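Take a look at the structure below.
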Amino acid sequence: MKDSMYPKEKRRSSLRMQNLHLPSHILLIIWSFIALFPIWILFVNSFKTRFTIYDNPFWLPAKWNVGNYTAVLGNNDFLGYFKNSFMAVSSSIVLVLLLGSLAAYALAHWRGRASTAIYFTLIAGMMLPIRIASIRLLELVKAMGLLNTIGSLIPVYTAMGIPIAIFVLTEFVRQVPGELTEAGLIDGAGRFHIFIRIMLPLLRPAMATVAIYNLIPFWNDLWFPLIFINKENAKTLLLGVTRLFGQYQTDWSKVLAVLALSALPVITLYVLLSKQFIKGMTAGAVKG
Amino acid sequence: MKKCIVFLLAALMAIIPLAASAEVSLTMGSWRADDVQQMNNLLALYKEKTGVEIVFQPIDPPQYNTILRQYLEGGIGPDLMYARSYAPGRENYNAGYFFDCSDIPGLKDNFTPSSLEPWQNADGTMFAVPFAAVSHSVYYNQNLFDEHNLAVPATWEEFIAVCEALKAAGITPLANGIADNWDILEVAFLNMLPNYVGGAAERALYESGEKPLNDEAFVMAYTDFASLAPFLDPGFSAITYNDSQVMFATERAAMFMDGSWTCGTYDDVYFEWSVFAVPAREGSETRICFHPDMAITMNNATEHPEEAQAFLAWLCSVEGATEASKVLPAGFFPMINAAITIDEPHANAILALNEGKQTDARFVWPVYLDLYTPMLEQLNALLKGETTPQAAADFVNSLVQPASAQ
Amino acid sequence: MLLIPKKRRSIPALYPGAPYWLRYILPALLVYLLFMAWPLLDSVRLSFYTGNAANRSFTGFSNYVRLFAGGEVTDRYWGAFGQTWYFFAIHMLVQNVLGLLFAAMLSNATLRGRQVYQTIIFLPTTLAILVTGYLWKLILNPLWTRDVLTGAGLGALVYPWLGEASTALTAVSLVSCWQWVGIPTVMFVAAMGNVPGDLLEAASIEGANTWHQFRHIKLPIIMPVVGIVTILTFVNNFNAFDAVFAMTGPNGPPNYKTDLIGTLFYRVGMAGQHPVAIPDTGLGAAIATVTFFMLCCGVIPTLKRTQTKE
């Protein structure tokens with residue numbers, strides 16, 4: 001029975017398979033709708049006005065109004081917030097990659113009890129709730145004179161990013177064939193040279209993963225800017241958004257334009273690099 | 001590799017703070033995020049006069065006290081800042097953050113004792129210079145009133161009748177909601193309260209313990225407040241203060257119990273509106289909640305004490321206060337003891353309500369600020385029908401410390 | 001790889017020891033210790049003190065006594081404690097179960113459009129909760145959606161979900177699940193990618209249906225990832241702050257029913273209660289310390305188990 005069924009089934013498999021998947025498709029389409037709905041709401045309503053936002057809130061505006069966007073972009077503060085966020089996030093990521101790859105290189109090659117202990121101490125940070133330390137961090141950042149500058153965020157973000165960097169990069173360095181290092185060593189190249197010349201180029205894809213993994217939490221963080229930064233010209237994008245909430249509070253369409261502009265960079269980057277993003281997100285827990 | 005170096009350079013640039021400009025520049029903290037434009041105009045005017053630049057840096061209003069305190073403790077407070085009246089401001093003075101403003105020229109001469117009192121310490125020193133007061137009333141949509149032949153109510157009974165008529169016509173009578181957890185107390189209940197418990201002199205009797213906070217007047221106030229529940233939007237528990245403003249501005253509600261600071265918000269609405277005082281019950285006297293709201297003070301840790309004090313002195317001069325009142329958003333009333341005329345008609349209408357009436361600050365501010373949250377929670381429960389006026393009054397009264405009841 | 005240990009012995013000079021390698025590790029270790037480990041441990045010390053940075057004095061266990069001895073703080077703490085567990089339970093039940101379900105469907109190689117679905121499911125995760133929270137707050141606002149929903153015959157959905165004590169916390173939890181469901185989904189998809197294809201093929205030839213394949217082949221293989229997802233959910237939920245901050249506010253209204261440990265910590269330790277707003281860092285640190293130890297108790301055994309399984 002089975003034997004006679006098998007070839008036939010294989011021939012018809014593609015069509016039958018998709019039929020079998022019908023419940024999956026239905027469920028996934030429903031969820032896709034739910035996932036995209038608020039984002040749809042965000043964009044259509046940001047083109048309405050304070051008074052027309054009630055007219056059919058779920059649908060396109062009767063008359064497109066770009067005034068909200070020009071008002072927000074005309075606000076110099078907004079571009080400044082954007083620049084601050086960009087600087088804080090990019091410098092933190094560069095530092096995470098730099099410190100993380102150096103340490104990972106060492107931890108992968110130096111075998112011993114101390115190395116293992118350091119390794120576990122460092123990656124335990126993936127699970128540590130750093131916000132609990134906020135009171136202390138605030139005092140620390142103040143003592144360093146970094147309060148009210150985006151410099152206050154960089155060391156904290158770097159510390160937050162290092163554990164995952166060590167975890168992913170150490171694993172990656174271990175996978176680099178030992179012969180490559182051996183050959184370099186026998187040729188008389190120093191370890192540091194090998195790190196720069198051989199390891200770093202090889203680590204590029206893994207570093208991209210780490211960068212992307214850290215990008216979202218750094219960019220979207222409100223907690224640390226909220227407690228470290230007061231000065232208007234040092235505010236990050238999200239912190240600035242909370243200020244603009246106040247300024248535009250009675251005009252929902254303008255608030256939505258602010259939100260849309262703050263979300264746009266991440267959405268664009270995500271849609272362009274979604275495969276990398278998803279790989280980055282899984283790297284922390286699953287070796288793929 | 002080159003990329004790495006470029007990134008590193010970018011990182012370094014980010015870490016090195018930008019060089020400060022040579023010109024004297026002060027910062028001013030505020031909870032008035034709505035007033036960026038107006039305050040910038042005022043400060044530009046001041047810069048023109050004196051060459052001193054003051055940068056206005058508002059904070060989202062519900063977060064102001066919190067964030068200001070964090071900044072002061074962190075040593076990054078602004079040079080000048082708005083000071084809340086009574087205890088919230090005094091706390092910052094006692095902690096050493098606010099300047100002792102007692103000797104600012106003009107302060108003692110140009111303000112009446114009752115204007116000074118909200119920012120006065122127990123020993124008579126001043127922790128801020130008064131800047132503006134706000135007044136409470138009921139905003140109403142004149143077009144809707146005309147459409148339904150409704151007259152401005154003169155008594156609480158008439159007010160309820162107006163609410164009923166509007167509701168019967170399918171219009172939400174009141175825009176107020178409770179989701180933000182501050183406005184229902186400050187702009188609705190404390191707005192009504194002077195009609196029941198009396199003005200400043202009677203408030204003192206409650207503060208000294210001669211009258212309990214669950215006397216007949218209080219129970220009546222809670223009763224009348226609770227009777228408003230059916231006239232709010234059915235989803236009032238999720239309606240924020242901003243939602244309320246939007247409701248009124250888009251004609252989704254005919255009235256809004258609020259403070260004068262909002263009156264500039266409705267400049268561009270498509271209907272006529274005006275204000276009336278929350279009316280007292282028939283046979284009682286209607287009183288107004290006129291609240292000393294904003295004062296400005298200097299940070300003790302400022303690097304520019306001279307410039308900051310000069311600005312405070314300017315605010316205490318008749319000239320400065322007049323200039324400020326012209327630029328300030330409508331609905332903030334100068335506190336200086338000088339005849340300043342207000343041009344904005346709506347703000348004038350609000351101020352005109354005070355004529356011939358007793359006024360008082362928001363009841364809990366001067367002494368009973370600890371009752372703020374419990375009272376607010378009782379109000380929420382009353383509107384939701386989870387408690388009774390008597391029980392609410394008894395509960396709030398039970399929290400009065402025996403020490404202050406002597 | 002097997003050859004390397006031999007070579008290692010043959011040229012010992014090329015295998016430097018600790019002093020050499022520490023030079024590479026030290027920068028990362030220092031930043032990590034200074035900005036993560038030490039502040040965390042020092043928060044424990046702060047919980048035995050009272051006052052602010054300028055004048056701090058030792059008070060022994062009095063902060064803990066205040067936290068647990070009864071009175072308002074204790075009520076708030078246990079309220080937030082219970083609500084955080086509820087928040088966590090909803091995430092386990094909705095976010096992680098949905099993630100598992102989506103992953104089971106998406107890991108099926110014959111399903112068309114897998115990449116597109118996965119991209120869409122993950123999209124909300126990339127947005128700040130400040131943004132999504134505001135949007136959901138708007139969508140759940142009865143004022144805004146009453147007309148359109150009633151018009152569509154969905155009048156039953158018009159309800160102040162975020163304003164009523166009975167629904168607010170569930171609504172906030174579900175929005176948070178909506179936002180983060182992408183993470184367990186992609187993790188489970190990746191884990192299921194490790195399931196050998198021929199094993200599944202053999203099973204389907206043997207007549208095992210989809211459920212059986214999932215239950216007896218996929219699930220055992222992804223079990224370690226289930227552990228990690230649980231830990232991540234646990235740690236994140238016990239620090240959750242943004243979702244409540246963005247949707248109902250730091251006070252956890254209505255009537256503290258959406259108050260979580262994260263928002264309580266913010267209010268007590270960082271912000272202070274409106275309208276006076278004086279933070280109590282000692283008490284805040286005590287809350288943080290209790291949470292920290294609770295997390296350690298939950299995380300360390302699980303971490304050990306999953307690490308030794310490798």
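Order determines the names: the first chain of the structure tokens is A, the second B, and so forth; residues in each chain are numbered 1 upward, and ligands are numbered 1 upward as they are shown.
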
May I ask you to extract the residues of chain C within 10 Å of chain B, using only C-alpha atoms, and to give them as a VMD selection string?
-> chain C and resid 52 to 54 137 to 138 140 to 144 146 158 to 165 168 248 to 256 267 270 to 279

Please produce a file of the residues just selected, as a CSV table (one decimal), in the first residue's frame, where the atoms kept are N, CA and C atoms.
```
chain,number,residue,atom,x,y,z
C,52,ASN,N,20.6,60.6,49.8
C,52,ASN,CA,21.1,60.6,48.5
C,52,ASN,C,22.6,60.7,48.4
C,53,ALA,N,23.1,60.9,47.2
C,53,ALA,CA,24.6,60.8,46.9
C,53,ALA,C,25.3,61.8,47.9
C,54,ALA,N,24.7,62.9,48.2
C,54,ALA,CA,25.4,63.9,48.9
C,54,ALA,C,25.6,63.5,50.4
C,137,LYS,N,-2.2,52.5,22.1
C,137,LYS,CA,-3.0,53.4,23.0
C,137,LYS,C,-4.1,54.1,22.2
C,138,LEU,N,-3.7,54.6,21.0
C,138,LEU,CA,-4.6,55.3,20.1
C,138,LEU,C,-5.6,54.3,19.6
C,140,LEU,N,-6.6,51.5,20.9
C,140,LEU,CA,-7.5,51.1,22.0
C,140,LEU,C,-8.3,52.2,22.6
C,141,ASN,N,-8.1,53.4,22.1
C,141,ASN,CA,-8.8,54.6,22.7
C,141,ASN,C,-10.3,54.6,22.2
C,142,PRO,N,-11.2,54.4,23.1
C,142,PRO,CA,-12.6,54.4,22.7
C,142,PRO,C,-13.0,55.6,22.0
C,143,LEU,N,-12.4,56.7,22.3
C,143,LEU,CA,-12.8,58.0,21.8
C,143,LEU,C,-12.5,58.0,20.3
C,144,TRP,N,-11.4,57.5,19.9
C,144,TRP,CA,-10.9,57.6,18.5
C,144,TRP,C,-11.6,56.6,17.6
C,146,ARG,N,-14.4,54.7,18.3
C,146,ARG,CA,-15.8,54.4,18.5
C,146,ARG,C,-16.6,54.4,17.2
C,158,VAL,N,-15.4,48.4,21.4
C,158,VAL,CA,-15.2,49.8,22.0
C,158,VAL,C,-15.3,49.7,23.5
C,159,TYR,N,-14.2,49.8,24.1
C,159,TYR,CA,-14.2,49.6,25.6
C,159,TYR,C,-12.9,50.3,26.1
C,160,PRO,N,-12.9,50.9,27.2
C,160,PRO,CA,-11.7,51.5,27.7
C,160,PRO,C,-10.7,50.5,28.2
C,161,TRP,N,-10.2,49.7,27.4
C,161,TRP,CA,-9.4,48.5,27.8
C,161,TRP,C,-8.2,49.0,28.7
C,162,LEU,N,-7.6,50.1,28.5
C,162,LEU,CA,-6.5,50.5,29.3
C,162,LEU,C,-6.9,51.2,30.5
C,163,GLY,N,-8.2,51.6,30.7
C,163,GLY,CA,-8.7,52.3,31.8
C,163,GLY,C,-9.3,51.5,32.9
C,164,GLU,N,-9.7,50.3,32.6
C,164,GLU,CA,-10.4,49.5,33.6
C,164,GLU,C,-9.5,48.5,34.2
C,165,ALA,N,-9.6,48.4,35.6
C,165,ALA,CA,-8.7,47.6,36.3
C,165,ALA,C,-8.7,46.2,35.9
C,168,ALA,N,-6.8,46.3,32.0
C,168,ALA,CA,-5.6,47.1,31.6
C,168,ALA,C,-4.3,46.3,31.5
C,248,THR,N,0.3,53.2,29.9
C,248,THR,CA,-0.6,53.7,31.0
C,248,THR,C,0.1,54.8,31.8
C,249,GLY,N,1.5,54.8,31.8
C,249,GLY,CA,2.2,55.8,32.6
C,249,GLY,C,2.9,55.2,33.7
C,250,PRO,N,3.9,55.9,34.3
C,250,PRO,CA,4.8,55.3,35.3
C,250,PRO,C,4.1,55.0,36.6
C,251,ASN,N,2.9,55.5,36.8
C,251,ASN,CA,2.2,55.2,38.0
C,251,ASN,C,1.4,53.8,38.0
C,252,GLY,N,1.4,53.2,36.8
C,252,GLY,CA,0.7,52.0,36.7
C,252,GLY,C,-0.8,52.1,36.9
C,253,PRO,N,-1.4,53.1,36.4
C,253,PRO,CA,-2.9,53.2,36.5
C,253,PRO,C,-3.6,52.2,35.7
C,254,PRO,N,-4.9,51.9,35.9
C,254,PRO,CA,-5.7,52.4,37.0
C,254,PRO,C,-5.4,51.8,38.3
C,255,ASN,N,-5.4,52.6,39.3
C,255,ASN,CA,-5.2,52.1,40.7
C,255,ASN,C,-4.1,51.1,40.8
C,256,TYR,N,-2.9,51.4,40.2
C,256,TYR,CA,-1.7,50.5,40.4
C,256,TYR,C,-1.9,49.1,39.8
C,267,ARG,N,9.6,54.4,40.0
C,267,ARG,CA,8.9,55.4,40.8
C,267,ARG,C,9.6,55.7,42.2
C,270,MET,N,14.1,56.0,41.3
C,270,MET,CA,14.6,57.0,40.3
C,270,MET,C,13.8,58.3,40.3
C,271,ALA,N,12.5,58.2,40.4
C,271,ALA,CA,11.6,59.3,40.1
C,271,ALA,C,11.0,60.0,41.3
C,272,GLY,N,10.5,59.2,42.3
C,272,GLY,CA,9.8,59.7,43.4
C,272,GLY,C,8.3,59.9,43.0
C,273,GLN,N,7.4,59.9,44.0
C,273,GLN,CA,6.0,59.9,43.7
C,273,GLN,C,5.5,61.3,43.4
C,274,HIS,N,4.7,61.5,42.3
C,274,HIS,CA,4.1,62.7,42.0
C,274,HIS,C,3.2,63.1,43.1
C,275,PRO,N,3.0,64.4,43.5
C,275,PRO,CA,3.7,65.6,42.9
C,275,PRO,C,5.0,66.0,43.6
C,276,VAL,N,5.4,65.4,44.6
C,276,VAL,CA,6.6,65.9,45.3
C,276,VAL,C,7.9,65.4,44.6
C,277,ALA,N,7.9,64.1,44.2
C,277,ALA,CA,8.9,63.5,43.4
C,277,ALA,C,10.3,63.6,44.0
C,278,ILE,N,10.5,63.0,45.2
C,278,ILE,CA,11.8,62.9,45.8
C,278,ILE,C,12.1,61.4,45.8
C,279,PRO,N,13.1,61.0,45.0
C,279,PRO,CA,13.4,59.5,45.0
C,279,PRO,C,14.0,59.0,46.3
```

Near chain B, 8 Å: chain A residue rows, closest pairs, only C-alpha atoms, as CSV:
```
residue,atom,partner,partner_atom,distance
A:Phe51,CA,B:Thr250,CA,6.3
A:Met87,CA,B:Ala14,CA,5.9
A:Ala88,CA,B:Ala14,CA,7.2
A:Ser90,CA,B:Ala11,CA,7.2
A:Ser91,CA,B:Ala11,CA,4.3
A:Ser92,CA,B:Ala11,CA,7.7
A:Val94,CA,B:Phe7,CA,6.6
A:Leu95,CA,B:Ala11,CA,7.8
A:Leu138,CA,B:Gly74,CA,7.5
A:Glu139,CA,B:Gly74,CA,7.1
A:Lys142,CA,B:Gly74,CA,6.3
A:Leu147,CA,B:Ile76,CA,7.1
A:Asn148,CA,B:Ile76,CA,7.0
A:Thr149,CA,B:Pro17,CA,7.4
A:Ile150,CA,B:Ile15,CA,7.6
A:Gly151,CA,B:Ile15,CA,5.3
A:Ile227,CA,B:Gln70,CA,7.3
A:Asn230,CA,B:Tyr71,CA,7.1
A:Lys231,CA,B:Gln57,CA,7.4
A:Glu232,CA,B:Gln57,CA,6.3
A:Thr242,CA,B:Asp60,CA,6.7
A:Arg243,CA,B:Asp60,CA,5.4
A:Leu244,CA,B:Ala33,CA,7.9
A:Phe245,CA,B:Asp60,CA,7.3
A:Gly246,CA,B:Asp60,CA,5.2
A:Gln247,CA,B:Asp34,CA,4.6
A:Tyr248,CA,B:Asp34,CA,7.3
A:Gln249,CA,B:Asn242,CA,6.3
A:Thr250,CA,B:Asn242,CA,5.7
A:Asp251,CA,B:Val246,CA,7.7
```

For C-alpha atoms, I'd like the residues from the last selection saved as a PDB file, in the first residue's frame.
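Result written to selection.pdb:
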```
ATOM      1  CA  PHE A  51      -9.254  67.881  13.103  1.00  0.00           C
ATOM      2  CA  MET A  87      26.542  59.133  17.257  1.00  0.00           C
ATOM      3  CA  ALA A  88      25.739  57.351  20.516  1.00  0.00           C
ATOM      4  CA  SER A  90      27.430  53.998  16.198  1.00  0.00           C
ATOM      5  CA  SER A  91      30.252  54.758  18.623  1.00  0.00           C
ATOM      6  CA  SER A  92      28.947  52.206  21.105  1.00  0.00           C
ATOM      7  CA  VAL A  94      32.274  50.319  17.192  1.00  0.00           C
ATOM      8  CA  LEU A  95      33.573  50.013  20.748  1.00  0.00           C
ATOM      9  CA  LEU A 138      23.880  57.676  37.477  1.00  0.00           C
ATOM     10  CA  GLU A 139      26.328  58.539  40.251  1.00  0.00           C
ATOM     11  CA  LYS A 142      28.163  62.011  37.137  1.00  0.00           C
ATOM     12  CA  LEU A 147      26.303  63.595  32.616  1.00  0.00           C
ATOM     13  CA  ASN A 148      24.313  65.486  30.019  1.00  0.00           C
ATOM     14  CA  THR A 149      26.464  64.335  27.138  1.00  0.00           C
ATOM     15  CA  ILE A 150      25.901  61.450  24.802  1.00  0.00           C
ATOM     16  CA  GLY A 151      29.250  60.279  26.151  1.00  0.00           C
ATOM     17  CA  ILE A 227      18.035  59.471  33.527  1.00  0.00           C
ATOM     18  CA  ASN A 230      18.713  66.870  30.330  1.00  0.00           C
ATOM     19  CA  LYS A 231      20.350  69.238  27.901  1.00  0.00           C
ATOM     20  CA  GLU A 232      18.337  69.870  24.782  1.00  0.00           C
ATOM     21  CA  THR A 242       8.958  62.478  24.554  1.00  0.00           C
ATOM     22  CA  ARG A 243       9.640  66.231  24.636  1.00  0.00           C
ATOM     23  CA  LEU A 244       7.864  66.786  21.329  1.00  0.00           C
ATOM     24  CA  PHE A 245       4.936  64.774  22.742  1.00  0.00           C
ATOM     25  CA  GLY A 246       4.476  67.627  25.156  1.00  0.00           C
ATOM     26  CA  GLN A 247       4.862  70.307  22.543  1.00  0.00           C
ATOM     27  CA  TYR A 248       2.427  68.709  20.084  1.00  0.00           C
ATOM     28  CA  GLN A 249       0.255  67.013  22.666  1.00  0.00           C
ATOM     29  CA  THR A 250      -3.092  68.161  21.380  1.00  0.00           C
ATOM     30  CA  ASP A 251      -2.252  67.423  17.770  1.00  0.00           C
TER      31      ASP A 251
END
```

Can you pull out every residue within 12 Å of B:Asp224, counting only C-alpha atoms, but drop anything in the same chain fewer than 5 positions away, and send it as an mmCIF file with N, CA and C atoms, in the first residue's frame?
```
data_model
loop_
_atom_site.group_PDB
_atom_site.id
_atom_site.type_symbol
_atom_site.label_atom_id
_atom_site.label_comp_id
_atom_site.auth_asym_id
_atom_site.auth_seq_id
_atom_site.Cartn_x
_atom_site.Cartn_y
_atom_site.Cartn_z
ATOM 1 N N TRP B 156 -25.483 74.960 40.617
ATOM 2 C CA TRP B 156 -25.104 73.573 40.351
ATOM 3 C C TRP B 156 -26.276 72.794 39.773
ATOM 4 N N GLU B 157 -27.480 73.075 40.262
ATOM 5 C CA GLU B 157 -28.665 72.375 39.772
ATOM 6 C C GLU B 157 -28.868 72.666 38.288
ATOM 7 N N PHE B 159 -26.536 73.524 36.246
ATOM 8 C CA PHE B 159 -25.411 72.884 35.560
ATOM 9 C C PHE B 159 -25.759 71.430 35.229
ATOM 10 N N ILE B 160 -26.297 70.730 36.224
ATOM 11 C CA ILE B 160 -26.688 69.331 36.006
ATOM 12 C C ILE B 160 -27.787 69.262 34.942
ATOM 13 N N ALA B 188 -10.892 69.267 37.997
ATOM 14 C CA ALA B 188 -12.321 69.062 38.229
ATOM 15 C C ALA B 188 -12.659 69.206 39.709
ATOM 16 N N PHE B 189 -12.171 68.281 40.536
ATOM 17 C CA PHE B 189 -12.595 68.293 41.935
ATOM 18 C C PHE B 189 -12.118 69.531 42.699
ATOM 19 N N MET B 192 -14.007 72.551 41.846
ATOM 20 C CA MET B 192 -15.322 72.664 42.480
ATOM 21 C C MET B 192 -15.233 72.997 43.964
ATOM 22 N N LEU B 193 -14.167 72.507 44.598
ATOM 23 C CA LEU B 193 -14.143 72.418 46.057
ATOM 24 C C LEU B 193 -14.400 73.737 46.810
ATOM 25 N N ASN B 195 -16.414 75.979 46.347
ATOM 26 C CA ASN B 195 -17.857 76.196 46.473
ATOM 27 C C ASN B 195 -18.431 75.486 47.690
ATOM 28 N N TYR B 196 -17.796 74.447 48.127
ATOM 29 C CA TYR B 196 -18.335 73.626 49.219
ATOM 30 C C TYR B 196 -17.665 73.946 50.543
ATOM 31 N N ALA B 217 -19.694 69.445 54.308
ATOM 32 C CA ALA B 217 -19.297 70.135 53.078
ATOM 33 C C ALA B 217 -18.514 69.204 52.163
ATOM 34 N N PHE B 218 -17.566 68.484 52.745
ATOM 35 C CA PHE B 218 -16.759 67.573 51.937
ATOM 36 C C PHE B 218 -17.610 66.463 51.335
ATOM 37 N N VAL B 219 -18.492 65.883 52.148
ATOM 38 C CA VAL B 219 -19.325 64.796 51.636
ATOM 39 C C VAL B 219 -20.191 65.311 50.494
ATOM 40 N N ALA B 229 -20.436 61.505 36.868
ATOM 41 C CA ALA B 229 -19.996 60.308 36.131
ATOM 42 C C ALA B 229 -20.806 60.022 34.871
ATOM 43 N N PRO B 230 -22.144 60.083 34.929
ATOM 44 C CA PRO B 230 -22.887 59.762 33.708
ATOM 45 C C PRO B 230 -22.693 60.779 32.590
ATOM 46 N N VAL B 278 -17.493 77.181 37.824
ATOM 47 C CA VAL B 278 -18.271 76.047 38.295
ATOM 48 C C VAL B 278 -19.275 76.608 39.299
ATOM 49 N N PRO B 279 -20.583 76.495 39.040
ATOM 50 C CA PRO B 279 -21.534 77.164 39.929
ATOM 51 C C PRO B 279 -21.742 76.382 41.235
ATOM 52 N N ALA B 280 -21.998 77.132 42.304
ATOM 53 C CA ALA B 280 -22.276 76.499 43.598
ATOM 54 C C ALA B 280 -23.743 76.076 43.635
ATOM 55 N N ARG B 281 -24.068 75.218 44.575
ATOM 56 C CA ARG B 281 -25.468 74.827 44.761
ATOM 57 C C ARG B 281 -26.306 76.061 45.062
ATOM 58 N N LEU B 379 -11.408 59.673 44.072
ATOM 59 C CA LEU B 379 -12.207 60.271 42.992
ATOM 60 C C LEU B 379 -12.396 59.277 41.854
ATOM 61 N N LEU B 382 -14.913 56.836 42.937
ATOM 62 C CA LEU B 382 -16.266 57.412 42.957
ATOM 63 C C LEU B 382 -16.887 57.404 41.564
ATOM 64 N N LEU B 383 -16.100 57.812 40.582
ATOM 65 C CA LEU B 383 -16.636 57.875 39.217
ATOM 66 C C LEU B 383 -16.963 56.487 38.697
ATOM 67 N N THR B 388 -18.575 55.148 48.016
ATOM 68 C CA THR B 388 -19.620 56.153 48.221
ATOM 69 C C THR B 388 -18.970 57.450 48.688
ATOM 70 N N PRO B 389 -19.649 58.574 48.498
ATOM 71 C CA PRO B 389 -19.078 59.855 48.930
ATOM 72 C C PRO B 389 -18.685 59.844 50.409
ATOM 73 N N GLN B 390 -19.545 59.285 51.254
ATOM 74 C CA GLN B 390 -19.234 59.257 52.684
ATOM 75 C C GLN B 390 -17.974 58.433 52.950
#
```

Tell me, counting only C-alpha atoms, for each residue of chain C within 7 Å of chain A, which pair of atoms is nearest and how far apart they are in Å to one decimal, in rows ordered by chain and increasing number, as a Markdown table.
```
| residue | atom | partner | partner_atom | distance |
| --- | --- | --- | --- | --- |
| C:Gly17 | CA | A:Trp110 | CA | 6.9 |
| C:Trp21 | CA | A:Ala106 | CA | 5.4 |
| C:Tyr24 | CA | A:Ala103 | CA | 5.2 |
| C:Ile25 | CA | A:Ala103 | CA | 4.2 |
| C:Pro27 | CA | A:Leu99 | CA | 6.3 |
| C:Ala28 | CA | A:Leu99 | CA | 5.0 |
| C:Val31 | CA | A:Ala159 | CA | 5.8 |
| C:Tyr32 | CA | A:Ala159 | CA | 4.7 |
| C:Phe35 | CA | A:Val156 | CA | 5.8 |
| C:Met36 | CA | A:Ala159 | CA | 6.2 |
| C:Pro39 | CA | A:Ala133 | CA | 5.2 |
| C:Leu40 | CA | A:Ala133 | CA | 4.6 |
| C:Ser43 | CA | A:Ala133 | CA | 5.8 |
| C:Met105 | CA | A:Ser24 | CA | 6.2 |
| C:Thr110 | CA | A:Met17 | CA | 6.9 |
| C:Leu111 | CA | A:His21 | CA | 6.7 |
| C:Tyr117 | CA | A:Leu28 | CA | 6.8 |
| C:Thr119 | CA | A:Ser274 | CA | 6.4 |
| C:Ile120 | CA | A:Ser32 | CA | 6.0 |
| C:Ile121 | CA | A:Ser32 | CA | 6.4 |
| C:Pro124 | CA | A:Ala35 | CA | 6.6 |
| C:Thr126 | CA | A:Ile216 | CA | 6.0 |
| C:Leu127 | CA | A:Ala263 | CA | 6.3 |
| C:Ala128 | CA | A:Asn220 | CA | 4.8 |
| C:Val131 | CA | A:Leu259 | CA | 6.0 |
| C:Leu135 | CA | A:Pro38 | CA | 6.0 |
| C:Trp136 | CA | A:Pro38 | CA | 6.9 |
| C:Trp144 | CA | A:Tyr54 | CA | 6.4 |
| C:Thr145 | CA | A:Pro57 | CA | 6.9 |
| C:Val148 | CA | A:Asn56 | CA | 6.2 |
| C:Val186 | CA | A:Thr282 | CA | 6.4 |
| C:Met187 | CA | A:Thr282 | CA | 5.1 |
| C:Ala190 | CA | A:Gly288 | CA | 6.6 |
| C:Ala191 | CA | A:Val286 | CA | 6.5 |
| C:Val225 | CA | A:Ala285 | CA | 6.9 |
| C:Ile228 | CA | A:Ala285 | CA | 6.7 |
| C:Val235 | CA | A:Met127 | CA | 6.7 |
| C:Asn239 | CA | A:Pro129 | CA | 6.8 |
| C:Thr281 | CA | A:Ile135 | CA | 6.9 |
| C:Ala288 | CA | A:Ile132 | CA | 5.3 |
```

Alpha helix (DSSP H) per DSSP on the backbone: members of stretch 25-252 of chain A, as a VMD selection string | chain A and resid 25 to 45 67 to 74 76 to 109 113 to 123 134 to 143 153 to 175 178 to 186 191 to 194 200 to 219 223 to 228 237 to 247 252

Atom CA of C:Thr167 to atom CA of B:Thr223: how many Å, to one decimal?
->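 Between atom CA of C:Thr167 and atom CA of B:Thr223 the gap works out to 27.3 Å.
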
Nearest to B:Ala352, chosen from B:Ala221, B:Ala122, B:Ala277, B:Ile104, with only C-alpha atoms counted in the distances |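 Between B:Ala221, B:Ala122, B:Ala277, B:Ile104, the residue approaching B:Ala352 most closely is B:Ala277.
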
If you count only C-alpha atoms, which residues fall within 7 Å of B:His346, apart from same-chain ones fewer than 3 positions away, as a list in words?
->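 Answer for this query is Cys263, Ser274, Ala349 and Ile350 of chain B.
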
Go ahead and compute the interatomic distance for atom CA of B:Phe395 and atom CA of B:Met257, in Å to one decimal.
->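 Separating atom CA of B:Phe395 from atom CA of B:Met257 is a distance of 25.2 Å.
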
Determine, counting only C-alpha atoms, which protein, DNA and RNA residues have an atom within 7 Å of an atom of B:Leu107; residues of the same chain fewer than 3 positions away are not included. Present the result as a list in words.
->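 Contacts, with the query itself left out: Ile104, Asn110, Phe111, Val129 and Cys316 of chain B.
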
Once you have the residues from the selection above, write them out as a tab-separated table (two decimals), in the first residue's frame, restricted to C-alpha atoms.
```tsv
chain	number	residue	atom	x	y	z
B	104	ILE	CA	15.97	89.89	44.78
B	110	ASN	CA	5.93	94.50	44.07
B	111	PHE	CA	4.01	91.46	45.33
B	129	VAL	CA	9.95	84.71	42.52
B	316	CYS	CA	10.10	91.31	39.71
```
